[in-house]
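Undergrad: Would you mind keeping the following structure in view while I ask a few things?
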Amino acid sequence: MLDELQSADLDIDKALELHKQGEKLVAELEKYLKNAENQISELKK
Amino acid sequence: MNELVFSPTDFVAILNQTLEYAYPVVAIEGEIANFRVSRGKWVYFDIKDETSSLRCFGSVYMLPGPLEDGMVVRVTANPRLHPLYNFSLNLQSIVPVGEGSLKRAADLLRAKLEKEGLFDPARKRLLPYPPETIGLITSKESAAYADFVKVLGQRWGGLHITHCDVQVQGDVAPADIVGAIEAMNQLPKPPELLVVTRGGGSAEDLAAFNSENVVRAIATSRIPTLVAIGHEVDLSLAELAADKRASTPSNAAELISPDRKHVLAVLHEQATKLAESVSVQLKDARTSVAQARTELAVSLQRCYSLAQHVVARQKALLAALNPELVLRKGYAVIRTEGGSVIKSIKALKPGMQVTLQLHDGSARAHVDGAE
């Protein structure tokens, strides 16, 4: 997705859409990371 | 006085009538002389003392076992005067008497049966332990019966005993014991083990257990046999033929049953050891789990940190590639009324209505001219 965003031929609308998808994906990954962090903390107790 | 005159035949007949009336059956003890067996079927010998000798005749099936000259025996017989062969005792039964003769008879029988392989250790079968059902052959009135049942009950309960009451000494004992062994073997559901036992006694008291018929019955029993006769020092041929020998009736009970108290003590000891072992294993397992848990946490933390770093970097790159940043710099996107992006001046015609998209909103515009 990042490679596509860096493409010179990318249409502005496609770029806006890809960026929106990327932000959603990052939010989801951060949610997973938070969950993993909690589980590791639990394991350390 | 009229003198009675008989023919030899008449006189023999009269003498036989007199004998039959006065002494139909006699028991005589004496020493064997001139013992011989004819055609494997008939037995002849003289029974004598210091001054007299009587001829005896009978079938080999009446013999208690091998006999030989010099042995002292007691015969039961019908006295008869034969018309041609003179006086003889027609044997009904014959038993050795006196310790020496009994021992000698037992030795001869032992040698004979040993040769046949009746005492071969390879014939011995393992006894069931403990047997659920026991066939007990002994006299109900004997101390042997009481001792066996008492010791068995003390050591291990719940065993089923089928008792066959027999004479264990005297002339009828051998036939009694053989009959009992055969009867036990013919039961629809035979016991798992046969116990033949009696207490101590003199050599004559124990003689039945050295008789050939009893020894053979024990050796051929389909049910495994345990024989305990007399005391520790007594060793009968019946015991040699049995699958296992016990020294006394009490010892017979001990050999076929575990001691309940001992078994409980062993079980208790094993339970304690098992509990200790489980406790140690549990402790070890807990330590291992804790260690694994720590190692897992460390490993996961490492993975987490790496993933967190990657996500942060991608997030920063994504932010840098946000198309809106370009619009913030003053650029605008020109669209047709239909919303399509206009990428070339060639697409613009004077009089067209277009939309200008900026970073914080949009505006409509009219094309006056295009160059």
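Here, A, B, ... name the chains of the structure tokens in the order displayed, residue numbers run from 1 inside each chain, and ligands are numbered from 1 in the same displayed order.
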Using only C-alpha atoms, I'd like every residue of chain B that has an atom within 10 Å of chain A; please write them out as a CSV table (one decimal) with all heavy atoms, in the first residue's frame.

TA:
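For reference, result-v2.csv as written:
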chain,number,residue,atom,x,y,z
B,290,ALA,N,6.6,-22.2,35.4
B,290,ALA,CA,7.0,-20.9,35.8
B,290,ALA,C,8.1,-20.4,34.9
B,290,ALA,O,8.1,-19.3,34.4
B,290,ALA,CB,7.3,-20.8,37.2
B,293,ARG,N,7.0,-19.9,31.4
B,293,ARG,CA,6.1,-18.7,31.4
B,293,ARG,C,7.0,-17.4,31.3
B,293,ARG,O,6.8,-16.5,30.5
B,293,ARG,CB,5.3,-18.6,32.7
B,293,ARG,CG,4.2,-17.6,32.7
B,293,ARG,CD,3.6,-17.7,34.1
B,293,ARG,NE,2.6,-16.6,34.2
B,293,ARG,CZ,1.3,-16.8,34.1
B,293,ARG,NH1,0.8,-18.0,33.9
B,293,ARG,NH2,0.5,-15.8,34.2
B,294,THR,N,8.1,-17.4,32.1
B,294,THR,CA,9.0,-16.3,32.0
B,294,THR,C,9.7,-16.2,30.7
B,294,THR,O,9.8,-15.1,30.1
B,294,THR,CB,10.1,-16.4,33.1
B,294,THR,OG1,9.5,-16.7,34.4
B,294,THR,CG2,11.0,-15.2,33.2
B,295,GLU,N,10.2,-17.3,30.2
B,295,GLU,CA,10.8,-17.3,28.9
B,295,GLU,C,9.9,-16.9,27.8
B,295,GLU,O,10.3,-16.2,26.9
B,295,GLU,CB,11.4,-18.8,28.6
B,295,GLU,CG,12.6,-19.1,29.4
B,295,GLU,CD,13.0,-20.6,29.3
B,295,GLU,OE1,12.4,-21.3,28.5
B,295,GLU,OE2,13.9,-21.0,30.0
B,296,LEU,N,8.6,-17.3,27.9
B,296,LEU,CA,7.6,-17.0,26.9
B,296,LEU,C,7.4,-15.4,26.9
B,296,LEU,O,7.3,-14.8,25.9
B,296,LEU,CB,6.3,-17.7,27.2
B,296,LEU,CG,5.2,-17.5,26.2
B,296,LEU,CD1,5.6,-18.0,24.8
B,296,LEU,CD2,3.9,-18.2,26.7
B,297,ALA,N,7.3,-14.9,28.1
B,297,ALA,CA,7.0,-13.5,28.3
B,297,ALA,C,8.2,-12.6,27.7
B,297,ALA,O,7.9,-11.7,26.9
B,297,ALA,CB,6.9,-13.1,29.7
B,298,VAL,N,9.4,-13.1,27.9
B,298,VAL,CA,10.6,-12.4,27.4
B,298,VAL,C,10.6,-12.5,25.9
B,298,VAL,O,10.8,-11.5,25.2
B,298,VAL,CB,11.9,-13.0,27.9
B,298,VAL,CG1,13.1,-12.5,27.2
B,298,VAL,CG2,12.0,-12.8,29.4
B,299,SER,N,10.3,-13.6,25.3
B,299,SER,CA,10.3,-13.8,23.9
B,299,SER,C,9.2,-13.0,23.2
B,299,SER,O,9.4,-12.4,22.2
B,299,SER,CB,10.1,-15.3,23.6
B,299,SER,OG,10.0,-15.5,22.3
B,300,LEU,N,8.0,-13.0,23.9
B,300,LEU,CA,6.8,-12.3,23.3
B,300,LEU,C,7.1,-10.8,23.4
B,300,LEU,O,6.8,-10.0,22.5
B,300,LEU,CB,5.6,-12.6,24.1
B,300,LEU,CG,4.9,-14.0,23.8
B,300,LEU,CD1,3.8,-14.2,24.7
B,300,LEU,CD2,4.5,-14.0,22.3
B,301,GLN,N,7.8,-10.3,24.5
B,301,GLN,CA,8.1,-8.9,24.6
B,301,GLN,C,9.0,-8.4,23.5
B,301,GLN,O,8.8,-7.4,22.9
B,301,GLN,CB,8.8,-8.7,26.0
B,301,GLN,CG,9.2,-7.3,26.3
B,301,GLN,CD,7.9,-6.4,26.4
B,301,GLN,OE1,7.0,-6.7,27.2
B,301,GLN,NE2,7.9,-5.3,25.7
B,303,CYS,N,9.2,-9.8,20.5
B,303,CYS,CA,8.4,-9.8,19.3
B,303,CYS,C,7.5,-8.5,19.2
B,303,CYS,O,7.4,-7.9,18.2
B,303,CYS,CB,7.5,-11.0,19.2
B,303,CYS,SG,8.4,-12.5,18.9
B,304,TYR,N,7.0,-8.3,20.4
B,304,TYR,CA,6.1,-7.1,20.5
B,304,TYR,C,6.8,-5.8,20.2
B,304,TYR,O,6.3,-5.0,19.5
B,304,TYR,CB,5.5,-7.1,22.0
B,304,TYR,CG,4.8,-5.8,22.3
B,304,TYR,CD1,3.5,-5.5,21.8
B,304,TYR,CD2,5.4,-4.8,23.0
B,304,TYR,CE1,2.8,-4.4,22.0
B,304,TYR,CE2,4.7,-3.6,23.3
B,304,TYR,CZ,3.4,-3.4,22.8
B,304,TYR,OH,2.8,-2.2,23.1
B,305,SER,N,8.0,-5.7,20.8
B,305,SER,CA,8.8,-4.5,20.6
B,305,SER,C,9.1,-4.3,19.1
B,305,SER,O,9.0,-3.2,18.5
B,305,SER,CB,10.1,-4.5,21.4
B,305,SER,OG,9.8,-4.6,22.7
B,307,ALA,N,7.4,-5.5,16.5
B,307,ALA,CA,6.1,-5.2,15.8
B,307,ALA,C,5.7,-3.8,16.0
B,307,ALA,O,5.3,-3.1,15.1
B,307,ALA,CB,5.0,-6.2,16.3
B,308,GLN,N,5.9,-3.3,17.3
B,308,GLN,CA,5.6,-1.9,17.6
B,308,GLN,C,6.4,-0.9,16.8
B,308,GLN,O,5.9,0.0,16.3
B,308,GLN,CB,5.8,-1.7,19.1
B,308,GLN,CG,5.1,-0.5,19.6
B,308,GLN,CD,5.5,-0.3,21.1
B,308,GLN,OE1,6.6,-0.6,21.6
B,308,GLN,NE2,4.5,0.2,21.9
B,311,VAL,N,5.2,-1.0,13.1
B,311,VAL,CA,4.0,-0.3,12.9
B,311,VAL,C,4.2,1.2,13.0
B,311,VAL,O,3.6,2.0,12.2
B,311,VAL,CB,2.9,-0.8,14.0
B,311,VAL,CG1,1.7,0.1,14.0
B,311,VAL,CG2,2.5,-2.2,13.7
B,312,ALA,N,5.0,1.7,14.0
B,312,ALA,CA,5.3,3.1,14.1
B,312,ALA,C,5.9,3.7,12.9
B,312,ALA,O,5.6,4.8,12.4
B,312,ALA,CB,6.2,3.3,15.4
B,314,GLN,N,5.8,2.5,9.8
B,314,GLN,CA,4.8,2.5,8.7
B,314,GLN,C,3.8,3.6,8.8
B,314,GLN,O,3.3,4.2,7.9
B,314,GLN,CB,4.0,1.1,8.6
B,314,GLN,CG,4.9,-0.1,8.5
B,314,GLN,CD,5.5,-0.3,7.1
B,314,GLN,OE1,6.2,0.7,6.7
B,314,GLN,NE2,5.3,-1.4,6.5
B,315,LYS,N,3.4,3.8,10.1
B,315,LYS,CA,2.4,4.9,10.4
B,315,LYS,C,3.0,6.2,10.0
B,315,LYS,O,2.3,7.1,9.4
B,315,LYS,CB,2.1,4.8,11.9
B,315,LYS,CG,1.0,5.8,12.3
B,315,LYS,CD,0.7,5.7,13.8
B,315,LYS,CE,-0.3,6.7,14.2
B,315,LYS,NZ,-0.6,6.7,15.7
B,317,LEU,N,5.4,6.8,7.8
B,317,LEU,CA,5.5,6.9,6.4
B,317,LEU,C,4.1,7.2,5.7
B,317,LEU,O,4.0,8.0,4.8
B,317,LEU,CB,6.0,5.5,5.8
B,317,LEU,CG,6.4,5.5,4.4
B,317,LEU,CD1,7.4,6.6,4.0
B,317,LEU,CD2,7.0,4.1,4.0
B,318,LEU,N,3.1,6.6,6.3
B,318,LEU,CA,1.7,6.8,5.8
B,318,LEU,C,1.3,8.2,6.0
B,318,LEU,O,0.7,8.9,5.1
B,318,LEU,CB,0.7,5.9,6.5
B,318,LEU,CG,-0.7,5.9,6.0
B,318,LEU,CD1,-0.8,5.2,4.6
B,318,LEU,CD2,-1.6,5.1,7.0
B,319,ALA,N,1.7,8.8,7.1
B,319,ALA,CA,1.3,10.2,7.4
B,319,ALA,C,2.1,11.1,6.4
B,319,ALA,O,1.5,12.1,5.9
B,319,ALA,CB,1.7,10.5,8.8
B,321,LEU,N,2.8,10.4,3.4
B,321,LEU,CA,2.3,10.2,2.1
B,321,LEU,C,0.8,10.7,2.0
B,321,LEU,O,0.2,10.4,1.0
B,321,LEU,CB,2.4,8.8,1.7
B,321,LEU,CG,3.8,8.2,1.5
B,321,LEU,CD1,3.8,6.7,1.2
B,321,LEU,CD2,4.5,8.9,0.3
B,322,ASN,N,0.3,11.4,3.0
B,322,ASN,CA,-1.0,11.8,3.0
B,322,ASN,C,-1.2,12.9,1.9
B,322,ASN,O,-0.6,13.9,1.9
B,322,ASN,CB,-1.4,12.5,4.4
B,322,ASN,CG,-2.8,12.8,4.5
B,322,ASN,OD1,-3.6,12.8,3.5
B,322,ASN,ND2,-3.2,13.2,5.7
B,323,PRO,N,-2.1,12.6,0.9
B,323,PRO,CA,-2.3,13.5,-0.2
B,323,PRO,C,-2.8,14.9,0.2
B,323,PRO,O,-2.5,15.9,-0.4
B,323,PRO,CB,-3.3,12.9,-1.1
B,323,PRO,CG,-3.4,11.4,-0.7
B,323,PRO,CD,-3.0,11.4,0.7
B,324,GLU,N,-3.4,15.0,1.3
B,324,GLU,CA,-3.9,16.3,1.8
B,324,GLU,C,-2.8,17.2,2.2
B,324,GLU,O,-3.0,18.4,2.2
B,324,GLU,CB,-4.8,16.0,3.1
B,324,GLU,CG,-6.2,15.5,2.7
B,324,GLU,CD,-7.1,15.3,3.9
B,324,GLU,OE1,-6.7,15.8,5.0
B,324,GLU,OE2,-8.2,14.8,3.7
B,333,VAL,N,-7.2,20.6,-6.5
B,333,VAL,CA,-7.6,19.5,-7.4
B,333,VAL,C,-8.8,20.1,-8.2
B,333,VAL,O,-9.8,20.6,-7.6
B,333,VAL,CB,-8.0,18.2,-6.7
B,333,VAL,CG1,-8.5,17.2,-7.7
B,333,VAL,CG2,-6.9,17.7,-5.9
B,340,SER,N,-14.9,14.2,-12.2
B,340,SER,CA,-13.7,13.6,-12.7
B,340,SER,C,-12.5,14.6,-12.5
B,340,SER,O,-12.7,15.8,-12.7
B,340,SER,CB,-13.8,13.3,-14.2
B,340,SER,OG,-14.8,12.3,-14.3
B,341,VAL,N,-11.3,14.2,-12.2
B,341,VAL,CA,-10.2,15.0,-12.0
B,341,VAL,C,-9.7,15.5,-13.4
B,341,VAL,O,-9.5,14.7,-14.3
B,341,VAL,CB,-9.1,14.3,-11.3
B,341,VAL,CG1,-7.8,15.2,-11.2
B,341,VAL,CG2,-9.5,13.9,-9.9
B,343,LYS,N,-6.7,16.6,-15.5
B,343,LYS,CA,-5.2,16.5,-15.3
B,343,LYS,C,-4.5,17.4,-16.4
B,343,LYS,O,-3.3,17.5,-16.3
B,343,LYS,CB,-4.8,15.1,-15.4
B,343,LYS,CG,-5.3,14.2,-14.3
B,343,LYS,CD,-4.8,12.8,-14.4
B,343,LYS,CE,-5.3,11.9,-13.3
B,343,LYS,NZ,-4.9,10.5,-13.5

Undergrad: Extract, using only C-alpha atoms, all DNA, RNA and protein residues at most 9 Å from B:Asp368, discarding same-chain residues fewer than 4 positions from it, and format them as a PDB file with N, CA and C atoms, in the first residue's frame.

TA:
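Wrote result-v6.pdb, looks like this:
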ATOM      1  N   LYS B 349     -12.347  23.842 -21.385  1.00  0.00           N
ATOM      2  CA  LYS B 349     -12.909  24.623 -22.484  1.00  0.00           C
ATOM      3  C   LYS B 349     -13.537  25.881 -21.891  1.00  0.00           C
ATOM      4  N   PRO B 350     -13.435  26.981 -22.611  1.00  0.00           N
ATOM      5  CA  PRO B 350     -14.075  28.203 -22.119  1.00  0.00           C
ATOM      6  C   PRO B 350     -15.575  27.968 -21.884  1.00  0.00           C
ATOM      7  N   GLY B 351     -16.058  28.497 -20.765  1.00  0.00           N
ATOM      8  CA  GLY B 351     -17.481  28.343 -20.413  1.00  0.00           C
ATOM      9  C   GLY B 351     -17.776  27.153 -19.521  1.00  0.00           C
ATOM     10  N   MET B 352     -16.770  26.300 -19.302  1.00  0.00           N
ATOM     11  CA  MET B 352     -17.005  25.097 -18.453  1.00  0.00           C
ATOM     12  C   MET B 352     -17.150  25.474 -16.979  1.00  0.00           C
TER      13      MET B 352
END

Undergrad: Figure out the distance between atom CA of B:Val60 and atom CA of B:Ser38, please, to one decimal in Å.

TA: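 These atoms are spaced 9.2 Å apart.
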
Undergrad: Excluding B:Thr9 and residues on its chain fewer than 4 positions from it, collect all residues at most 12 Å away from it, counting only C-alpha atoms, and give them as a short mmCIF file (atom, residue, chain, number, x, y, z; two decimals) with N, CA, C and O atoms, in the first residue's frame.

TA:
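Generated output (out-v2.cif):
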data_model
loop_
_atom_site.label_atom_id
_atom_site.label_comp_id
_atom_site.auth_asym_id
_atom_site.auth_seq_id
_atom_site.Cartn_x
_atom_site.Cartn_y
_atom_site.Cartn_z
N VAL B 5 -16.25 -141.93 57.28
CA VAL B 5 -15.30 -142.06 56.16
C VAL B 5 -15.75 -141.09 55.05
O VAL B 5 -16.90 -141.08 54.66
N ALA B 13 -14.77 -130.30 50.98
CA ALA B 13 -16.00 -129.49 51.01
C ALA B 13 -16.41 -129.22 52.45
O ALA B 13 -16.78 -128.09 52.81
N ILE B 14 -16.33 -130.26 53.30
CA ILE B 14 -16.71 -130.08 54.71
C ILE B 14 -15.77 -129.10 55.40
O ILE B 14 -16.20 -128.22 56.15
N LEU B 15 -14.48 -129.27 55.15
CA LEU B 15 -13.52 -128.35 55.77
C LEU B 15 -13.77 -126.91 55.33
O LEU B 15 -13.73 -125.98 56.15
N ASN B 16 -14.07 -126.73 54.05
CA ASN B 16 -14.34 -125.37 53.54
C ASN B 16 -15.61 -124.80 54.16
O ASN B 16 -15.66 -123.62 54.50
N LEU B 81 -9.44 -124.32 51.40
CA LEU B 81 -8.65 -125.52 51.09
C LEU B 81 -8.97 -125.88 49.64
O LEU B 81 -10.11 -126.18 49.29
N HIS B 82 -7.95 -125.78 48.80
CA HIS B 82 -8.16 -126.05 47.38
C HIS B 82 -8.14 -127.57 47.16
O HIS B 82 -7.31 -128.26 47.76
N PRO B 83 -9.02 -128.10 46.29
CA PRO B 83 -9.06 -129.56 46.07
C PRO B 83 -7.73 -130.12 45.59
O PRO B 83 -7.42 -131.28 45.87
N LEU B 84 -6.95 -129.32 44.89
CA LEU B 84 -5.69 -129.83 44.34
C LEU B 84 -4.47 -129.19 44.97
O LEU B 84 -3.45 -129.83 45.15
N ASN B 86 -4.09 -127.58 47.95
CA ASN B 86 -4.04 -127.48 49.41
C ASN B 86 -4.52 -126.13 49.93
O ASN B 86 -5.19 -125.39 49.23
#

Undergrad: Need to verify the contact set: B:Ile229, 12 Å, only C-alpha atoms, exclusion of same-chain residues closer than 6 positions in sequence. Can you return it as a PyMOL selection string?

TA: chain B and resi 137-138+144-145+168-169+195-203+205-210+235-240+242+244-252

Undergrad: Just the number, please: distance in Å from atom CA of B:Ala180 to atom CA of B:Asp165, one decimal.

TA: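 Straight-line distance from atom CA of B:Ala180 to atom CA of B:Asp165 works out to 8.2 Å.
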
Undergrad: If you measure from atom CA of B:Met184 to atom CA of B:Ile256, what distance in Å do you get, rounded to one decimal?

TA: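 One can read the atom CA of B:Met184 to atom CA of B:Ile256 distance as 18.4 Å.
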
Undergrad: Which of stretch 180-347 of chain B counts as alpha helix (DSSP H) under DSSP, as a ChimeraX atom specification please?

TA: /B:180-185,212-219,237-241,249-256,260-320,323-328

Undergrad: As a PyMOL selection string, please: every residue in stretch 36-236 of chain B that DSSP puts in strand (DSSP E or B).

TA: chain B and resi 36-38+42-48+53-59+72-82+86-96+133-138+160-165+193-198+225-229

Undergrad: Quick one: of B:Ser211, B:Ser88, B:Ser53, B:Thr336, who's nearest to B:Pro66, counting only C-alpha atoms?

TA: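 Using only C-alpha atoms, B:Pro66 sits closest to B:Ser211.
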